[in-house]
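Engineer: What follows is data_5.pdb, PDB, C-alpha atoms, pLDDT in the B column.
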ATOM      1  CA  MET A 191     131.153 127.181  17.170  1.00 58.00           C
ATOM      2  CA  GLU A 192     133.837 129.822  17.365  1.00 64.00           C
ATOM      3  CA  ALA A 193     131.222 132.547  17.086  1.00 61.00           C
ATOM      4  CA  LYS A 194     129.406 131.137  20.137  1.00 58.00           C
ATOM      5  CA  LYS A 195     132.595 131.150  22.197  1.00 56.00           C
ATOM      6  CA  LYS A 196     133.268 134.757  21.271  1.00 56.00           C
ATOM      7  CA  LYS A 197     129.731 135.739  22.267  1.00 52.00           C
ATOM      8  CA  LYS A 198     130.100 134.018  25.638  1.00 51.00           C
ATOM      9  CA  GLU A 199     133.376 135.826  26.275  1.00 51.00           C
ATOM     10  CA  LYS A 200     131.766 139.160  25.463  1.00 48.00           C
ATOM     11  CA  GLU A 201     128.719 138.507  27.656  1.00 47.00           C
ATOM     12  CA  GLU A 202     130.703 137.667  30.792  1.00 44.00           C
ATOM     13  CA  PRO A 203     131.478 140.818  32.758  1.00 43.00           C
ATOM     14  CA  LYS A 204     135.058 141.339  33.832  1.00 43.00           C
ATOM     15  CA  LYS A 205     135.641 140.697  37.499  1.00 45.00           C
ATOM     16  CA  SER A 206     137.043 143.567  39.501  1.00 56.00           C
ATOM     17  CA  GLN A 207     140.724 143.428  40.325  1.00 64.00           C
ATOM     18  CA  THR A 208     140.158 144.026  44.040  1.00 68.00           C
ATOM     19  CA  PRO A 209     140.289 141.002  46.350  1.00 76.00           C
ATOM     20  CA  ASP A 210     137.432 140.084  48.661  1.00 87.00           C
ATOM     21  CA  PHE A 211     137.873 141.797  51.992  1.00 89.00           C
ATOM     22  CA  LYS A 212     135.725 142.906  54.892  1.00 91.00           C
ATOM     23  CA  SER A 213     136.013 144.957  58.044  1.00 93.00           C
ATOM     24  CA  GLY A 214     138.633 143.661  60.440  1.00 92.00           C
ATOM     25  CA  ASP A 215     140.970 142.357  57.740  1.00 94.00           C
ATOM     26  CA  ILE A 216     144.564 143.520  57.750  1.00 94.00           C
ATOM     27  CA  ILE A 217     145.261 144.804  54.255  1.00 95.00           C
ATOM     28  CA  ARG A 218     148.232 146.246  52.415  1.00 96.00           C
ATOM     29  CA  VAL A 219     147.505 149.103  50.009  1.00 95.00           C
ATOM     30  CA  HIS A 220     149.965 149.992  47.230  1.00 96.00           C
ATOM     31  CA  TYR A 221     149.288 153.654  46.393  1.00 95.00           C
ATOM     32  CA  LYS A 222     151.056 155.844  43.831  1.00 95.00           C
ATOM     33  CA  ILE A 223     152.546 159.053  45.222  1.00 94.00           C
ATOM     34  CA  LYS A 224     153.704 161.848  42.946  1.00 93.00           C
ATOM     35  CA  GLU A 225     156.544 163.994  44.276  1.00 91.00           C
ATOM     36  CA  GLU A 226     157.547 166.767  41.891  1.00 90.00           C
ATOM     37  CA  ASP A 227     158.771 164.860  38.797  1.00 93.00           C
ATOM     38  CA  LYS A 228     159.025 161.414  40.363  1.00 94.00           C
ATOM     39  CA  GLU A 229     156.316 158.855  40.920  1.00 94.00           C
ATOM     40  CA  ARG A 230     156.680 156.076  43.480  1.00 95.00           C
ATOM     41  CA  VAL A 231     154.536 153.451  45.167  1.00 96.00           C
ATOM     42  CA  GLN A 232     153.924 153.777  48.885  1.00 95.00           C
ATOM     43  CA  LEU A 233     152.700 150.907  51.053  1.00 96.00           C
ATOM     44  CA  PHE A 234     150.085 151.421  53.744  1.00 95.00           C
ATOM     45  CA  GLU A 235     149.292 148.388  55.884  1.00 95.00           C
ATOM     46  CA  GLY A 236     146.631 148.366  58.552  1.00 94.00           C
ATOM     47  CA  VAL A 237     143.191 147.258  59.703  1.00 93.00           C
ATOM     48  CA  LEU A 238     140.236 147.900  57.444  1.00 95.00           C
ATOM     49  CA  ILE A 239     137.791 149.702  59.723  1.00 95.00           C
ATOM     50  CA  ALA A 240     135.099 150.838  57.260  1.00 95.00           C
ATOM     51  CA  GLN A 241     133.779 150.595  53.714  1.00 94.00           C
ATOM     52  CA  LYS A 242     131.525 153.304  52.310  1.00 94.00           C
ATOM     53  CA  GLY A 243     129.657 153.899  49.095  1.00 93.00           C
ATOM     54  CA  SER A 244     129.012 151.655  46.152  1.00 91.00           C
ATOM     55  CA  GLY A 245     130.096 151.374  42.567  1.00 91.00           C
ATOM     56  CA  THR A 246     132.799 153.760  41.446  1.00 91.00           C
ATOM     57  CA  SER A 247     132.499 155.951  44.534  1.00 94.00           C
ATOM     58  CA  LYS A 248     133.345 153.140  46.994  1.00 94.00           C
ATOM     59  CA  THR A 249     135.981 154.025  49.584  1.00 95.00           C
ATOM     60  CA  ILE A 250     137.768 152.123  52.337  1.00 95.00           C
ATOM     61  CA  THR A 251     139.220 153.445  55.587  1.00 96.00           C
ATOM     62  CA  VAL A 252     142.442 151.821  56.788  1.00 95.00           C
ATOM     63  CA  ARG A 253     143.977 152.424  60.220  1.00 94.00           C
ATOM     64  CA  LYS A 254     147.545 151.620  61.217  1.00 92.00           C
ATOM     65  CA  ILE A 255     149.685 152.204  64.272  1.00 88.00           C
ATOM     66  CA  ALA A 256     152.753 154.199  63.223  1.00 86.00           C
ATOM     67  CA  ALA A 257     155.941 155.019  65.109  1.00 84.00           C
ATOM     68  CA  ALA A 258     155.642 155.896  68.792  1.00 80.00           C
ATOM     69  CA  GLY A 259     152.149 154.378  68.947  1.00 79.00           C
ATOM     70  CA  ILE A 260     150.505 157.149  66.942  1.00 85.00           C
ATOM     71  CA  ALA A 261     147.517 155.938  64.951  1.00 88.00           C
ATOM     72  CA  VAL A 262     147.113 157.002  61.319  1.00 92.00           C
ATOM     73  CA  GLU A 263     143.892 156.609  59.345  1.00 94.00           C
ATOM     74  CA  ARG A 264     143.670 157.010  55.615  1.00 96.00           C
ATOM     75  CA  ILE A 265     140.743 156.884  53.210  1.00 96.00           C
ATOM     76  CA  PHE A 266     141.344 155.286  49.812  1.00 95.00           C
ATOM     77  CA  PRO A 267     138.937 155.432  46.853  1.00 95.00           C
ATOM     78  CA  LEU A 268     138.799 151.909  45.415  1.00 92.00           C
ATOM     79  CA  HIS A 269     138.521 152.970  41.781  1.00 92.00           C
ATOM     80  CA  SER A 270     141.295 155.556  41.872  1.00 92.00           C
ATOM     81  CA  PRO A 271     143.937 155.393  39.123  1.00 92.00           C
ATOM     82  CA  ASN A 272     146.535 155.911  41.877  1.00 94.00           C
ATOM     83  CA  LEU A 273     145.566 152.699  43.647  1.00 93.00           C
ATOM     84  CA  GLU A 274     147.937 150.120  42.254  1.00 93.00           C
ATOM     85  CA  LYS A 275     147.207 146.985  44.281  1.00 92.00           C
ATOM     86  CA  LEU A 276     145.351 145.704  47.350  1.00 94.00           C
ATOM     87  CA  GLU A 277     146.485 142.646  49.284  1.00 94.00           C
ATOM     88  CA  VAL A 278     144.789 140.889  52.177  1.00 94.00           C
ATOM     89  CA  VAL A 279     147.524 140.042  54.689  1.00 94.00           C
ATOM     90  CA  LYS A 280     145.282 138.446  57.362  1.00 93.00           C
ATOM     91  CA  GLN A 281     141.580 137.863  57.584  1.00 93.00           C
ATOM     92  CA  GLY A 282     139.945 139.391  60.618  1.00 90.00           C
ATOM     93  CA  LYS A 283     137.024 138.161  62.647  1.00 90.00           C
ATOM     94  CA  ALA A 284     134.818 141.189  63.218  1.00 90.00           C
ATOM     95  CA  ARG A 285     131.139 141.152  64.055  1.00 92.00           C
ATOM     96  CA  ARG A 286     130.453 144.699  62.897  1.00 92.00           C
ATOM     97  CA  ALA A 287     130.671 146.507  59.596  1.00 93.00           C
ATOM     98  CA  LYS A 288     132.215 149.695  61.007  1.00 95.00           C
ATOM     99  CA  LEU A 289     135.020 149.283  63.532  1.00 93.00           C
ATOM    100  CA  TYR A 290     135.158 152.861  64.773  1.00 92.00           C
ATOM    101  CA  TYR A 291     135.471 151.622  68.362  1.00 90.00           C
ATOM    102  CA  LEU A 292     139.109 150.733  67.559  1.00 89.00           C
ATOM    103  CA  ARG A 293     139.899 154.445  67.754  1.00 87.00           C
ATOM    104  CA  ASP A 294     139.461 154.279  71.525  1.00 86.00           C
ATOM    105  CA  LEU A 295     141.569 151.134  71.995  1.00 80.00           C
ATOM    106  CA  PRO A 296     145.345 151.442  72.314  1.00 70.00           C
ATOM    107  CA  THR A 297     146.701 148.757  69.962  1.00 63.00           C
ATOM    108  CA  LEU A 298     146.014 146.712  66.864  1.00 52.00           C
ATOM    109  CA  LYS A 299     145.736 143.560  68.968  1.00 58.00           C
ATOM    110  CA  SER A 300     142.148 144.481  69.707  1.00 57.00           C
ATOM    111  CA  VAL A 301     141.091 142.796  66.441  1.00 65.00           C
ATOM    112  CA  LYS A 302     140.973 139.021  66.350  1.00 65.00           C
ATOM    113  CA  THR A 303     142.507 137.351  63.317  1.00 67.00           C
ATOM    114  CA  ARG A 304     141.840 133.926  61.926  1.00 66.00           C
TER     115      ARG A 304
END
Written as structure tokens, how would this file's structure read?
Structural biologist:
Amino acid sequence: MEAKKKKKEKEEPKKSQTPDFKSGDIIRVHYKIKEEDKERVQLFEGVLIAQKGSGTSKTITVRKIAAAGIAVERIFPLHSPNLEKLEVVKQGKARRAKLYYLRDLPTLKSVKTR
């Protein structure tokens, strides 16, 4: 019986560590930054506006409104060793896969949240 349990454990693929998210969600990305000799974790929180690729080359594009209303977009590879953690802060209600139209709108309030 123990041999069967071990086989079942080996057969089951490991689930990815990334949470389920989709375009329109507000997510918080914990990303490792290396500055000279130090390494620290930087947070980047914003609206997920696009997902591209598949498998190990999958990337996400996150947009946030920084100080003085300046928008900042950043592309993160999902399978990067520098990506420490992804958190879904709020689930969005978007009807499109790519939310590039948000670039023309002034604020983050243009995305409905649940």
Engineer: Let me make sure I understand: among A:Tyr291, A:Lys254, A:Leu273, A:Ala261, which one has the smallest atom-to-atom distance to Arg230 of chain A if we use all atoms listed in the file?
Structural biologist: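 Of A:Tyr291, A:Lys254, A:Leu273, A:Ala261, the one nearest Arg230 of chain A, counting all atoms listed in the file, is A:Leu273.
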Engineer: For the PyMOL selection byres ((chain A and resi 233-247) around 7), applied here, can you spell out every residue it catches as a list in words?
Structural biologist: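 Output of the PyMOL selection byres ((chain A and resi 233-247) around 7): Ser213, Gly214, Asp215, Ile216, Ile217, Arg218, Val219, His220, Tyr221, Val231, Gln232, Lys248, Thr249, Ile250, Thr251, Val252, Arg253, Lys254, Pro267, His269, Ala287, Lys288, Leu289 and Tyr290 of chain A.
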Engineer: One decimal, Å: what's the distance from atom CA of Asn272 of chain A over to atom CA of Asp210 of chain A, could you say?
Structural biologist: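 Separation of atom CA of Asn272 of chain A and atom CA of Asp210 of chain A: 19.5 Å.
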Engineer: Using Å and a single decimal, report how far atom CA of Leu276 of chain A sits from atom CA of Lys212 of chain A.
Structural biologist: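 Spanning atom CA of Lys212 of chain A to atom CA of Leu276 of chain A is a straight-line distance of 12.5 Å.
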Engineer: If you measure from atom CA of Arg264 of chain A to atom CA of Lys228 of chain A, what distance in Å do you get, rounded to one decimal?
Structural biologist: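 One can read the atom CA of Arg264 of chain A to atom CA of Lys228 of chain A distance as 22.1 Å.
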Engineer: Rank A:Ile255, A:Phe211, A:Arg293, A:Lys222 by their smallest atom-to-atom distance to Glu274 of chain A, using all atoms listed in the file, and report the top residue only.
Structural biologist: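 Nearest candidate to Glu274 of chain A out of A:Ile255, A:Phe211, A:Arg293, A:Lys222: A:Lys222.
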Engineer: Give me segment 247-261 of chain A with N, CA and C atoms filled in, as a PDB file, in the frame of the given file.
Structural biologist:
ATOM      1  N   SER A 247     132.209 155.029  43.442  1.00 94.00           N
ATOM      2  CA  SER A 247     132.499 155.951  44.534  1.00 94.00           C
ATOM      3  C   SER A 247     132.817 155.229  45.842  1.00 94.00           C
ATOM      4  N   LYS A 248     133.074 153.930  45.788  1.00 94.00           N
ATOM      5  CA  LYS A 248     133.345 153.140  46.994  1.00 94.00           C
ATOM      6  C   LYS A 248     134.706 153.516  47.576  1.00 94.00           C
ATOM      7  N   THR A 249     134.738 153.704  48.894  1.00 95.00           N
ATOM      8  CA  THR A 249     135.981 154.025  49.584  1.00 95.00           C
ATOM      9  C   THR A 249     136.182 153.076  50.754  1.00 95.00           C
ATOM     10  N   ILE A 250     137.442 152.927  51.163  1.00 95.00           N
ATOM     11  CA  ILE A 250     137.768 152.123  52.337  1.00 95.00           C
ATOM     12  C   ILE A 250     138.593 152.988  53.280  1.00 95.00           C
ATOM     13  N   THR A 251     138.447 152.745  54.571  1.00 96.00           N
ATOM     14  CA  THR A 251     139.220 153.445  55.587  1.00 96.00           C
ATOM     15  C   THR A 251     140.132 152.431  56.255  1.00 96.00           C
ATOM     16  N   VAL A 252     141.434 152.721  56.232  1.00 95.00           N
ATOM     17  CA  VAL A 252     142.442 151.821  56.788  1.00 95.00           C
ATOM     18  C   VAL A 252     143.139 152.540  57.936  1.00 95.00           C
ATOM     19  N   ARG A 253     143.332 151.845  59.035  1.00 94.00           N
ATOM     20  CA  ARG A 253     143.977 152.424  60.220  1.00 94.00           C
ATOM     21  C   ARG A 253     145.208 151.609  60.567  1.00 94.00           C
ATOM     22  N   LYS A 254     146.321 152.308  60.795  1.00 92.00           N
ATOM     23  CA  LYS A 254     147.545 151.620  61.217  1.00 92.00           C
ATOM     24  C   LYS A 254     148.154 152.347  62.400  1.00 92.00           C
ATOM     25  N   ILE A 255     148.956 151.622  63.161  1.00 88.00           N
ATOM     26  CA  ILE A 255     149.685 152.204  64.272  1.00 88.00           C
ATOM     27  C   ILE A 255     151.097 152.495  63.774  1.00 88.00           C
ATOM     28  N   ALA A 256     151.448 153.776  63.736  1.00 86.00           N
ATOM     29  CA  ALA A 256     152.753 154.199  63.223  1.00 86.00           C
ATOM     30  C   ALA A 256     153.761 154.265  64.376  1.00 86.00           C
ATOM     31  N   ALA A 257     154.869 154.907  64.119  1.00 84.00           N
ATOM     32  CA  ALA A 257     155.941 155.019  65.109  1.00 84.00           C
ATOM     33  C   ALA A 257     155.444 155.723  66.369  1.00 84.00           C
ATOM     34  N   ALA A 258     155.962 155.320  67.484  1.00 80.00           N
ATOM     35  CA  ALA A 258     155.642 155.896  68.792  1.00 80.00           C
ATOM     36  C   ALA A 258     154.183 155.689  69.173  1.00 80.00           C
ATOM     37  N   GLY A 259     153.520 154.698  68.583  1.00 79.00           N
ATOM     38  CA  GLY A 259     152.149 154.378  68.947  1.00 79.00           C
ATOM     39  C   GLY A 259     151.103 155.356  68.449  1.00 79.00           C
ATOM     40  N   ILE A 260     151.457 156.188  67.489  1.00 85.00           N
ATOM     41  CA  ILE A 260     150.505 157.149  66.942  1.00 85.00           C
ATOM     42  C   ILE A 260     149.696 156.457  65.850  1.00 85.00           C
ATOM     43  N   ALA A 261     148.396 156.575  65.937  1.00 88.00           N
ATOM     44  CA  ALA A 261     147.517 155.938  64.951  1.00 88.00           C
ATOM     45  C   ALA A 261     147.314 156.858  63.754  1.00 88.00           C
TER      46      ALA A 261
END
